Amino acid sequence: MRFRAKIVDLACLNHFSRVINTIAKLAKTCTLRLTVNKLYFILSDRVANGGVSMWCELCQGNFFDEFQMEGVAADHNEIYLELMPENLSRALKTAQSAKAVKMKLTNKHSPCLKVAVELPSLTSSSRIVTHDIPVRVIPRRLWNDFREPSVPDFDVSIYLPVLKTMKSVVERMKNLSNCIVIEANLSGEMNLKIETDLVSVTTHFKDLGNPPWASEDGCQSSAQGRDLQSMAEARIDIKKLQQLLVGQQVNPTKALCNIVSKRIVHFILLHEDVSLQYFIPALA
């Protein structure tokens with residue numbers, strides 16, 4: 001099992017850092033899955049336990065100048081590592097003006113992801129800062145726990161409003177309530193609502209648009225034949241929604257959510273070469 005990679009291009013490096021910062025804000029520990037073409041950051045807190053799930057996918061070719069890996073076996077050419085993304089984020093913070101960053105899976109005393117940051121230097125000798133990030137290698141028998149979450153059979157799929165706007169609305173509401181109702185329909189309308197004994201507040205968004213698959217024939221969705229005005233809603237933990245919005249350092253080119261009434265809200269944020277899915281279960 002071997003892995004080594006190198007990023008030289010500064011724009012790629014800063015973009016990669018932003019992705020890792022976003023993930024660090026969403027998950028304390030997560031699984032990094034390495035394949036020949038892609039990296040995945042996976043958080044699979046069982047939704048049944050009321051936990052959130054995350055699936056973030058990157059094409060390695062868009063970030064790395066060199067990328068070599070050999071998986072656990074020829075027929076299973078993949079590596080699964082458990083790590084704390086905050087550690088990787090911290091290591092990359094030292095690399096903002098680096099000439100190059102190298103990563104390598106090592107196993108001196110215990111498995112580590114070694115991140116070597118080559119900094120510009122005024123003399124001919126180079127300055128290298130090395131970070132050893134502890135990782136746990138996940139055995140193959142457990143890989144099935146980290147499969148891509150299946151997209152639930154949604155009632156409504158809708159594009160999200162500008163995330164900054166949404167974030168400031170949610171931050172104000174968070175001071176009043178622990179949970180928020182998110183509801184939307186197939187006419188491009190979405191409401192964020194909180195209700196307590198003392199106050200009820202609703203913010204309305206309209207003309208958001210619905211993705212083309214939201215009502216296509218042959219689409220795997222309960223949205224087919226649905227009344228366009230009828231709202232699908234789910235009540236979720238407001239902190240979990242805020243975490244997603246605060247963590248956004250990668251400005252998505254497309255952001256949408258799928259609502260399965262009273263069960264789950266599935267967010268999808270797409271940026272040229274990164275896709276992030278985030279699942280928040282509904283509260284009873």
# chains A, B, ... in the order shown; residues from 1 in each chain; ligands from 1
>>> residues_around(residues="Gln242 of chain A", least_positions_apart="3", cutoff="8 Å", atoms="only C-alpha atoms", output="PyMOL selection string")
chain A and resi 167+170-171+238-239+245-246
>>> residues_around(residues="Leu192 of chain A", least_positions_apart="4", cutoff="10 Å", atoms="only C-alpha atoms", output="PyMOL selection string")
chain A and resi 166+169-170+173+180-184+201-205+233+235
>>> write_last_selection(atoms="all heavy atoms", output="short mmCIF file (atom, residue, chain, number, x, y, z; two decimals), in the first residue's frame")
data_model
loop_
_atom_site.label_atom_id
_atom_site.label_comp_id
_atom_site.auth_asym_id
_atom_site.auth_seq_id
_atom_site.Cartn_x
_atom_site.Cartn_y
_atom_site.Cartn_z
N MET A 166 -28.48 33.24 3.04
CA MET A 166 -29.09 32.17 3.81
C MET A 166 -28.41 32.04 5.18
O MET A 166 -29.04 31.86 6.21
CB MET A 166 -28.95 30.87 3.03
CG MET A 166 -29.89 29.79 3.46
SD MET A 166 -29.87 28.47 2.24
CE MET A 166 -30.52 27.15 3.26
N VAL A 169 -29.51 34.78 7.60
CA VAL A 169 -30.87 34.50 8.10
C VAL A 169 -30.82 33.43 9.19
O VAL A 169 -31.38 33.58 10.28
CB VAL A 169 -31.77 34.02 6.93
CG1 VAL A 169 -33.09 33.46 7.47
CG2 VAL A 169 -32.04 35.15 5.96
N VAL A 170 -30.09 32.35 8.90
CA VAL A 170 -30.02 31.22 9.84
C VAL A 170 -29.33 31.66 11.14
O VAL A 170 -29.72 31.27 12.24
CB VAL A 170 -29.32 30.01 9.18
CG1 VAL A 170 -29.00 28.93 10.20
CG2 VAL A 170 -30.20 29.45 8.07
N MET A 173 -31.78 33.46 13.25
CA MET A 173 -32.81 32.55 13.79
C MET A 173 -32.25 31.65 14.89
O MET A 173 -32.97 31.25 15.80
CB MET A 173 -33.39 31.70 12.66
CG MET A 173 -34.27 32.49 11.71
SD MET A 173 -34.93 31.40 10.41
CE MET A 173 -36.26 32.42 9.74
N ILE A 180 -35.14 24.43 12.95
CA ILE A 180 -35.63 25.28 11.87
C ILE A 180 -36.41 24.39 10.90
O ILE A 180 -36.05 23.23 10.69
CB ILE A 180 -34.44 25.97 11.16
CG1 ILE A 180 -34.91 26.98 10.11
CG2 ILE A 180 -33.50 24.96 10.52
CD1 ILE A 180 -33.79 27.88 9.58
N VAL A 181 -37.48 24.93 10.36
CA VAL A 181 -38.24 24.19 9.34
C VAL A 181 -37.82 24.74 7.98
O VAL A 181 -37.80 25.96 7.76
CB VAL A 181 -39.77 24.37 9.53
CG1 VAL A 181 -40.52 23.77 8.34
CG2 VAL A 181 -40.21 23.72 10.83
N ILE A 182 -37.41 23.83 7.11
CA ILE A 182 -37.07 24.25 5.75
C ILE A 182 -38.14 23.66 4.85
O ILE A 182 -38.42 22.47 4.93
CB ILE A 182 -35.63 23.80 5.41
CG1 ILE A 182 -35.17 24.28 4.05
CG2 ILE A 182 -35.43 22.32 5.48
CD1 ILE A 182 -33.65 24.19 3.88
N GLU A 183 -38.83 24.51 4.09
CA GLU A 183 -39.87 23.98 3.21
C GLU A 183 -39.73 24.60 1.83
O GLU A 183 -39.24 25.72 1.68
CB GLU A 183 -41.27 24.23 3.80
CG GLU A 183 -41.64 25.68 4.02
CD GLU A 183 -43.10 25.88 4.43
OE1 GLU A 183 -43.78 24.92 4.84
OE2 GLU A 183 -43.57 27.04 4.32
N ALA A 184 -40.13 23.83 0.82
CA ALA A 184 -39.98 24.32 -0.55
C ALA A 184 -41.00 23.62 -1.43
O ALA A 184 -41.56 22.58 -1.06
CB ALA A 184 -38.57 24.02 -1.04
N VAL A 201 -41.08 33.20 13.15
CA VAL A 201 -40.41 34.01 12.13
C VAL A 201 -40.29 33.18 10.87
O VAL A 201 -39.90 32.01 10.93
CB VAL A 201 -38.98 34.39 12.59
CG1 VAL A 201 -38.29 35.27 11.55
CG2 VAL A 201 -39.01 35.09 13.94
N THR A 202 -40.66 33.78 9.73
CA THR A 202 -40.50 33.08 8.45
C THR A 202 -39.78 33.99 7.47
O THR A 202 -40.09 35.17 7.37
CB THR A 202 -41.87 32.70 7.85
OG1 THR A 202 -42.60 31.95 8.81
CG2 THR A 202 -41.70 31.86 6.60
N THR A 203 -38.79 33.43 6.78
CA THR A 203 -38.16 34.17 5.69
C THR A 203 -38.54 33.47 4.39
O THR A 203 -38.38 32.25 4.27
CB THR A 203 -36.62 34.16 5.85
OG1 THR A 203 -36.31 34.77 7.10
CG2 THR A 203 -35.95 34.96 4.76
N HIS A 204 -39.07 34.24 3.44
CA HIS A 204 -39.52 33.68 2.16
C HIS A 204 -38.50 33.95 1.07
O HIS A 204 -38.00 35.07 0.97
CB HIS A 204 -40.85 34.34 1.72
CG HIS A 204 -41.94 34.23 2.73
ND1 HIS A 204 -42.75 33.12 2.81
CD2 HIS A 204 -42.35 35.09 3.70
CE1 HIS A 204 -43.63 33.31 3.79
NE2 HIS A 204 -43.39 34.49 4.35
N PHE A 205 -38.22 32.94 0.27
CA PHE A 205 -37.40 33.14 -0.93
C PHE A 205 -38.25 32.71 -2.12
O PHE A 205 -38.93 31.68 -2.05
CB PHE A 205 -36.15 32.27 -0.88
CG PHE A 205 -35.20 32.62 0.24
CD1 PHE A 205 -35.23 31.91 1.44
CD2 PHE A 205 -34.26 33.64 0.10
CE1 PHE A 205 -34.35 32.22 2.47
CE2 PHE A 205 -33.38 33.95 1.13
CZ PHE A 205 -33.42 33.25 2.32
N GLU A 233 -41.71 19.71 3.60
CA GLU A 233 -40.98 20.35 4.70
C GLU A 233 -40.27 19.33 5.58
O GLU A 233 -40.64 18.16 5.66
CB GLU A 233 -41.94 21.20 5.54
CG GLU A 233 -42.97 20.39 6.30
CD GLU A 233 -43.63 21.22 7.42
OE1 GLU A 233 -44.23 22.28 7.12
OE2 GLU A 233 -43.52 20.80 8.59
N ARG A 235 -38.10 19.47 9.55
CA ARG A 235 -37.61 20.26 10.67
C ARG A 235 -36.25 19.70 11.05
O ARG A 235 -36.12 18.49 11.32
CB ARG A 235 -38.60 20.10 11.84
CG ARG A 235 -38.52 21.18 12.90
CD ARG A 235 -39.76 21.13 13.77
NE ARG A 235 -39.82 19.91 14.55
CZ ARG A 235 -39.47 19.82 15.82
NH1 ARG A 235 -39.05 20.89 16.47
NH2 ARG A 235 -39.54 18.68 16.46
#
>>> closest_atom_pairs(of="segment 37-66 of chain A", to="segment 263-273 of chain A", cutoff="10 Å", atoms="only C-alpha atoms", output="JSON lines")
{"residue": "A:Val47", "atom": "CA", "partner": "A:Ile264", "partner_atom": "CA", "distance": 8.9}
{"residue": "A:Val52", "atom": "CA", "partner": "A:Ile264", "partner_atom": "CA", "distance": 9.8}
{"residue": "A:Ser53", "atom": "CA", "partner": "A:His266", "partner_atom": "CA", "distance": 9.4}
{"residue": "A:Met54", "atom": "CA", "partner": "A:Phe267", "partner_atom": "CA", "distance": 9.4}
{"residue": "A:Trp55", "atom": "CA", "partner": "A:Ile268", "partner_atom": "CA", "distance": 9.5}
{"residue": "A:Cys56", "atom": "CA", "partner": "A:Leu269", "partner_atom": "CA", "distance": 9.4}
{"residue": "A:Glu57", "atom": "CA", "partner": "A:Asp273", "partner_atom": "CA", "distance": 8.3}
{"residue": "A:Leu58", "atom": "CA", "partner": "A:Asp273", "partner_atom": "CA", "distance": 6.1}
{"residue": "A:Cys59", "atom": "CA", "partner": "A:Asp273", "partner_atom": "CA", "distance": 6.4}
{"residue": "A:Gln60", "atom": "CA", "partner": "A:Asp273", "partner_atom": "CA", "distance": 9.2}
{"residue": "A:Gly61", "atom": "CA", "partner": "A:Asp273", "partner_atom": "CA", "distance": 9.5}
{"residue": "A:Asn62", "atom": "CA", "partner": "A:Asp273", "partner_atom": "CA", "distance": 6.9}
{"residue": "A:Phe63", "atom": "CA", "partner": "A:Asp273", "partner_atom": "CA", "distance": 9.0}
>>> closest_residue(among="A:Ala234, A:Leu32, A:Leu160, A:Leu208", to="Lys193 of chain A", atoms="only C-alpha atoms")
A:Ala234
>>> closest_residue(among="A:Asp237, A:Glu82, A:Asp155, A:Glu195", to="Tyr40 of chain A", atoms="only C-alpha atoms")
A:Glu82
>>> atom_distance(atom1="atom CA of Glu78 of chain A", atom2="atom CA of Ala98 of chain A")
28.6 Å
>>> select_by_dssp(residues="segment 47-126 of chain A", states="helix (DSSP H, G or I)", output="ChimeraX atom specification")
/A:47-49,60-62,85-93
>>> write_last_selection(atoms="N, CA and C atoms", output="tab-separated table (two decimals), in the first residue's frame")
chain	number	residue	atom	x	y	z
A	47	VAL	N	-27.33	8.08	9.78
A	47	VAL	CA	-28.46	9.02	9.82
A	47	VAL	C	-29.50	8.52	10.82
A	48	ALA	N	-29.56	7.21	10.98
A	48	ALA	CA	-30.52	6.64	11.94
A	48	ALA	C	-30.25	7.14	13.36
A	49	ASN	N	-28.98	7.42	13.65
A	49	ASN	CA	-28.65	7.92	15.00
A	49	ASN	C	-28.84	9.42	15.09
A	60	GLN	N	-8.48	14.15	-8.60
A	60	GLN	CA	-7.09	14.48	-8.22
A	60	GLN	C	-6.36	15.26	-9.30
A	61	GLY	N	-6.68	15.01	-10.56
A	61	GLY	CA	-5.98	15.67	-11.67
A	61	GLY	C	-6.15	17.18	-11.68
A	62	ASN	N	-7.20	17.68	-11.03
A	62	ASN	CA	-7.42	19.12	-10.99
A	62	ASN	C	-6.65	19.82	-9.88
A	85	PRO	N	-9.61	16.04	9.85
A	85	PRO	CA	-9.33	17.01	8.79
A	85	PRO	C	-8.72	18.31	9.31
A	86	GLU	N	-9.01	18.64	10.58
A	86	GLU	CA	-8.43	19.86	11.18
A	86	GLU	C	-6.90	19.81	11.13
A	87	ASN	N	-6.33	18.60	11.34
A	87	ASN	CA	-4.87	18.46	11.31
A	87	ASN	C	-4.31	18.75	9.91
A	88	LEU	N	-5.03	18.28	8.90
A	88	LEU	CA	-4.59	18.52	7.53
A	88	LEU	C	-4.76	20.00	7.18
A	89	SER	N	-5.85	20.57	7.65
A	89	SER	CA	-6.12	21.99	7.41
A	89	SER	C	-5.01	22.84	8.02
A	90	ARG	N	-4.61	22.49	9.24
A	90	ARG	CA	-3.56	23.24	9.93
A	90	ARG	C	-2.23	23.14	9.18
A	91	ALA	N	-1.95	21.93	8.69
A	91	ALA	CA	-0.69	21.74	7.95
A	91	ALA	C	-0.68	22.59	6.68
A	92	LEU	N	-1.83	22.68	6.03
A	92	LEU	CA	-1.88	23.43	4.77
A	92	LEU	C	-1.87	24.94	5.00
A	93	LYS	N	-2.22	25.37	6.21
A	93	LYS	CA	-2.18	26.82	6.51
A	93	LYS	C	-0.76	27.35	6.40
>>> closest_residue(among="A:Val135, A:Cys30, A:Val19, A:Met84", to="Leu113 of chain A", atoms="only C-alpha atoms")
A:Val135
>>> residues_around(residues="Leu83 of chain A", least_positions_apart="6", cutoff="12 Å", atoms="only C-alpha atoms", output="PDB file with N, CA and C atoms, in the first residue's frame")
ATOM      1  N   ILE A  20     -10.342  21.624   2.163  1.00  0.00           N
ATOM      2  CA  ILE A  20     -10.039  20.945   3.433  1.00  0.00           C
ATOM      3  C   ILE A  20     -10.576  21.755   4.620  1.00  0.00           C
ATOM      4  N   ILE A  23     -14.205  21.059   4.949  1.00  0.00           N
ATOM      5  CA  ILE A  23     -14.456  19.731   5.528  1.00  0.00           C
ATOM      6  C   ILE A  23     -14.160  19.726   7.029  1.00  0.00           C
ATOM      7  N   ALA A  24     -13.101  20.437   7.415  1.00  0.00           N
ATOM      8  CA  ALA A  24     -12.732  20.489   8.835  1.00  0.00           C
ATOM      9  C   ALA A  24     -13.842  21.142   9.665  1.00  0.00           C
ATOM     10  N   ALA A  27     -16.660  18.196   9.946  1.00  0.00           N
ATOM     11  CA  ALA A  27     -16.414  16.879  10.548  1.00  0.00           C
ATOM     12  C   ALA A  27     -15.166  16.891  11.415  1.00  0.00           C
ATOM     13  N   LYS A  28     -15.303  16.330  12.610  1.00  0.00           N
ATOM     14  CA  LYS A  28     -14.147  16.225  13.510  1.00  0.00           C
ATOM     15  C   LYS A  28     -13.184  15.157  12.999  1.00  0.00           C
ATOM     16  N   THR A  29     -13.754  13.997  12.675  1.00  0.00           N
ATOM     17  CA  THR A  29     -12.943  12.964  12.016  1.00  0.00           C
ATOM     18  C   THR A  29     -13.695  12.556  10.763  1.00  0.00           C
ATOM     19  N   CYS A  30     -12.961  12.119   9.756  1.00  0.00           N
ATOM     20  CA  CYS A  30     -13.639  11.638   8.558  1.00  0.00           C
ATOM     21  C   CYS A  30     -12.759  10.595   7.898  1.00  0.00           C
ATOM     22  N   THR A  31     -13.283  10.008   6.853  1.00  0.00           N
ATOM     23  CA  THR A  31     -12.542   8.992   6.126  1.00  0.00           C
ATOM     24  C   THR A  31     -12.074   9.584   4.802  1.00  0.00           C
ATOM     25  N   LEU A  32     -10.787   9.420   4.527  1.00  0.00           N
ATOM     26  CA  LEU A  32     -10.252   9.833   3.234  1.00  0.00           C
ATOM     27  C   LEU A  32     -10.103   8.568   2.400  1.00  0.00           C
ATOM     28  N   ARG A  33     -10.822   8.536   1.274  1.00  0.00           N
ATOM     29  CA  ARG A  33     -10.727   7.375   0.378  1.00  0.00           C
ATOM     30  C   ARG A  33      -9.918   7.808  -0.843  1.00  0.00           C
ATOM     31  N   PHE A  41     -13.811  12.571   0.707  1.00  0.00           N
ATOM     32  CA  PHE A  41     -13.854  12.768   2.155  1.00  0.00           C
ATOM     33  C   PHE A  41     -15.249  12.362   2.596  1.00  0.00           C
ATOM     34  N   ILE A  42     -15.315  11.408   3.511  1.00  0.00           N
ATOM     35  CA  ILE A  42     -16.600  10.781   3.824  1.00  0.00           C
ATOM     36  C   ILE A  42     -16.864  10.844   5.321  1.00  0.00           C
ATOM     37  N   LEU A  43     -18.062  11.246   5.659  1.00  0.00           N
ATOM     38  CA  LEU A  43     -18.502  11.203   7.060  1.00  0.00           C
ATOM     39  C   LEU A  43     -19.798  10.424   7.039  1.00  0.00           C
ATOM     40  N   SER A  89      -5.849  20.571   7.650  1.00  0.00           N
ATOM     41  CA  SER A  89      -6.118  21.991   7.411  1.00  0.00           C
ATOM     42  C   SER A  89      -5.011  22.844   8.022  1.00  0.00           C
ATOM     43  N   PRO A 111       0.931   4.535  11.365  1.00  0.00           N
ATOM     44  CA  PRO A 111       0.640   5.137  10.058  1.00  0.00           C
ATOM     45  C   PRO A 111       0.441   6.653  10.159  1.00  0.00           C
ATOM     46  N   CYS A 112       1.051   7.367   9.233  1.00  0.00           N
ATOM     47  CA  CYS A 112       0.932   8.826   9.191  1.00  0.00           C
ATOM     48  C   CYS A 112       0.829   9.291   7.752  1.00  0.00           C
ATOM     49  N   LEU A 113       0.142  10.414   7.583  1.00  0.00           N
ATOM     50  CA  LEU A 113       0.183  11.110   6.307  1.00  0.00           C
ATOM     51  C   LEU A 113       1.192  12.237   6.517  1.00  0.00           C
ATOM     52  N   ASP A 132       3.435  15.530  10.490  1.00  0.00           N
ATOM     53  CA  ASP A 132       3.014  14.123  10.461  1.00  0.00           C
ATOM     54  C   ASP A 132       1.603  14.034  11.004  1.00  0.00           C
ATOM     55  N   ILE A 133       0.674  13.652  10.146  1.00  0.00           N
ATOM     56  CA  ILE A 133      -0.740  13.590  10.556  1.00  0.00           C
ATOM     57  C   ILE A 133      -1.107  12.138  10.817  1.00  0.00           C
ATOM     58  N   PRO A 134      -1.452  11.812  12.063  1.00  0.00           N
ATOM     59  CA  PRO A 134      -1.791  10.417  12.372  1.00  0.00           C
ATOM     60  C   PRO A 134      -3.022   9.984  11.583  1.00  0.00           C
ATOM     61  N   VAL A 135      -2.969   8.777  11.026  1.00  0.00           N
ATOM     62  CA  VAL A 135      -4.131   8.225  10.320  1.00  0.00           C
ATOM     63  C   VAL A 135      -4.341   6.788  10.789  1.00  0.00           C
ATOM     64  N   ARG A 136      -5.544   6.301  10.583  1.00  0.00           N
ATOM     65  CA  ARG A 136      -5.816   4.893  10.869  1.00  0.00           C
ATOM     66  C   ARG A 136      -6.215   4.255   9.547  1.00  0.00           C
ATOM     67  N   VAL A 137      -5.536   3.177   9.189  1.00  0.00           N
ATOM     68  CA  VAL A 137      -5.871   2.501   7.937  1.00  0.00           C
ATOM     69  C   VAL A 137      -7.115   1.642   8.180  1.00  0.00           C
ATOM     70  N   ILE A 138      -8.140   1.855   7.341  1.00  0.00           N
ATOM     71  CA  ILE A 138      -9.401   1.120   7.534  1.00  0.00           C
ATOM     72  C   ILE A 138      -9.344  -0.180   6.738  1.00  0.00           C
TER      73      ILE A 138
END
>>> atom_distance(atom1="atom CA of Ser230 of chain A", atom2="atom CA of Asp207 of chain A")
15.1 Å
>>> closest_residue(among="A:Ile236, A:Val8, A:Met231, A:Ala284", to="Leu119 of chain A", atoms="only C-alpha atoms")
A:Val8
>>> select_by_dssp(residues="segment 18-211 of chain A", states="strand (DSSP E or B)", output="MDAnalysis selection string")
chainID A and resid 30:34 38:44 53:59 66:70 73 76 79:83 100:107 111:119 127:134 136:137 156:159 179:184 190:195 200:205
>>> write_last_selection(atoms="C-alpha atoms", output="JSON list (two decimals), in the first residue's frame")
[["chain", "number", "residue", "atom", "x", "y", "z"],
["A", 30, "CYS", "CA", -13.64, 11.64, 8.56],
["A", 31, "THR", "CA", -12.54, 8.99, 6.13],
["A", 32, "LEU", "CA", -10.25, 9.83, 3.23],
["A", 33, "ARG", "CA", -10.73, 7.38, 0.38],
["A", 34, "LEU", "CA", -8.01, 7.40, -2.27],
["A", 38, "LYS", "CA", -10.27, 10.69, -7.14],
["A", 39, "LEU", "CA", -10.14, 11.63, -3.47],
["A", 40, "TYR", "CA", -13.23, 11.37, -1.30],
["A", 41, "PHE", "CA", -13.85, 12.77, 2.15],
["A", 42, "ILE", "CA", -16.60, 10.78, 3.82],
["A", 43, "LEU", "CA", -18.50, 11.20, 7.06],
["A", 44, "SER", "CA", -21.05, 8.52, 7.68],
["A", 53, "SER", "CA", -23.53, 12.38, 6.59],
["A", 54, "MET", "CA", -21.14, 13.99, 4.14],
["A", 55, "TRP", "CA", -19.69, 12.90, 0.81],
["A", 56, "CYS", "CA", -17.13, 15.17, -0.83],
["A", 57, "GLU", "CA", -15.54, 14.17, -4.11],
["A", 58, "LEU", "CA", -12.52, 15.71, -5.87],
["A", 59, "CYS", "CA", -10.75, 14.79, -9.12],
["A", 66, "GLU", "CA", 1.92, 14.19, -9.25],
["A", 67, "PHE", "CA", -0.31, 11.49, -7.77],
["A", 68, "GLN", "CA", 0.79, 7.89, -7.30],
["A", 69, "MET", "CA", -1.00, 5.25, -5.31],
["A", 70, "GLU", "CA", -1.08, 1.51, -4.89],
["A", 73, "ALA", "CA", -4.63, -5.20, -3.46],
["A", 76, "HIS", "CA", -9.03, -3.37, -4.83],
["A", 79, "ILE", "CA", -6.91, 3.13, 0.31],
["A", 80, "TYR", "CA", -9.21, 4.19, 3.14],
["A", 81, "LEU", "CA", -7.76, 6.30, 5.95],
["A", 82, "GLU", "CA", -9.42, 7.79, 9.00],
["A", 83, "LEU", "CA", -8.05, 11.20, 9.96],
["A", 100, "ALA", "CA", 5.42, 22.86, -3.38],
["A", 101, "VAL", "CA", 3.57, 20.54, -1.02],
["A", 102, "LYS", "CA", 4.28, 16.83, -0.94],
["A", 103, "MET", "CA", 2.14, 14.21, 0.76],
["A", 104, "LYS", "CA", 3.17, 10.68, 1.52],
["A", 105, "LEU", "CA", 1.72, 7.79, 3.47],
["A", 106, "THR", "CA", 4.40, 6.62, 5.93],
["A", 107, "ASN", "CA", 4.54, 4.06, 8.70],
["A", 111, "PRO", "CA", 0.64, 5.14, 10.06],
["A", 112, "CYS", "CA", 0.93, 8.83, 9.19],
["A", 113, "LEU", "CA", 0.18, 11.11, 6.31],
["A", 114, "LYS", "CA", 3.37, 13.11, 6.01],
["A", 115, "VAL", "CA", 2.84, 16.62, 4.60],
["A", 116, "ALA", "CA", 6.08, 18.37, 3.58],
["A", 117, "VAL", "CA", 5.75, 22.06, 2.75],
["A", 118, "GLU", "CA", 8.59, 23.60, 0.76],
["A", 119, "LEU", "CA", 8.74, 27.32, 1.51],
["A", 127, "ARG", "CA", 13.18, 25.45, 3.90],
["A", 128, "ILE", "CA", 10.89, 22.48, 4.47],
["A", 129, "VAL", "CA", 8.26, 22.27, 7.18],
["A", 130, "THR", "CA", 7.02, 18.75, 7.83],
["A", 131, "HIS", "CA", 3.77, 17.72, 9.48],
["A", 132, "ASP", "CA", 3.01, 14.12, 10.46],
["A", 133, "ILE", "CA", -0.74, 13.59, 10.56],
["A", 134, "PRO", "CA", -1.79, 10.42, 12.37],
["A", 136, "ARG", "CA", -5.82, 4.89, 10.87],
["A", 137, "VAL", "CA", -5.87, 2.50, 7.94],
["A", 156, "VAL", "CA", -38.97, 18.56, -3.87],
["A", 157, "SER", "CA", -35.64, 19.57, -5.37],
["A", 158, "ILE", "CA", -34.82, 23.29, -5.44],
["A", 159, "TYR", "CA", -31.85, 25.62, -6.01],
["A", 179, "CYS", "CA", -34.58, 23.88, 15.19],
["A", 180, "ILE", "CA", -35.63, 25.28, 11.87],
["A", 181, "VAL", "CA", -38.24, 24.19, 9.34],
["A", 182, "ILE", "CA", -37.07, 24.25, 5.75],
["A", 183, "GLU", "CA", -39.87, 23.98, 3.21],
["A", 184, "ALA", "CA", -39.98, 24.32, -0.55],
["A", 190, "MET", "CA", -38.54, 28.20, -0.24],
["A", 191, "ASN", "CA", -39.29, 29.25, 3.33],
["A", 192, "LEU", "CA", -37.12, 29.06, 6.43],
["A", 193, "LYS", "CA", -39.24, 29.13, 9.59],
["A", 194, "ILE", "CA", -38.83, 28.95, 13.30],
["A", 195, "GLU", "CA", -41.64, 28.72, 15.80],
["A", 200, "SER", "CA", -42.67, 32.74, 14.89],
["A", 201, "VAL", "CA", -40.41, 34.01, 12.13],
["A", 202, "THR", "CA", -40.50, 33.08, 8.45],
["A", 203, "THR", "CA", -38.16, 34.17, 5.69],
["A", 204, "HIS", "CA", -39.52, 33.68, 2.16],
["A", 205, "PHE", "CA", -37.40, 33.14, -0.93]]
>>> closest_residue(among="A:Val72, A:Ser97, A:Asn37, A:Arg2", to="Asn14 of chain A", atoms="only C-alpha atoms")
A:Ser97
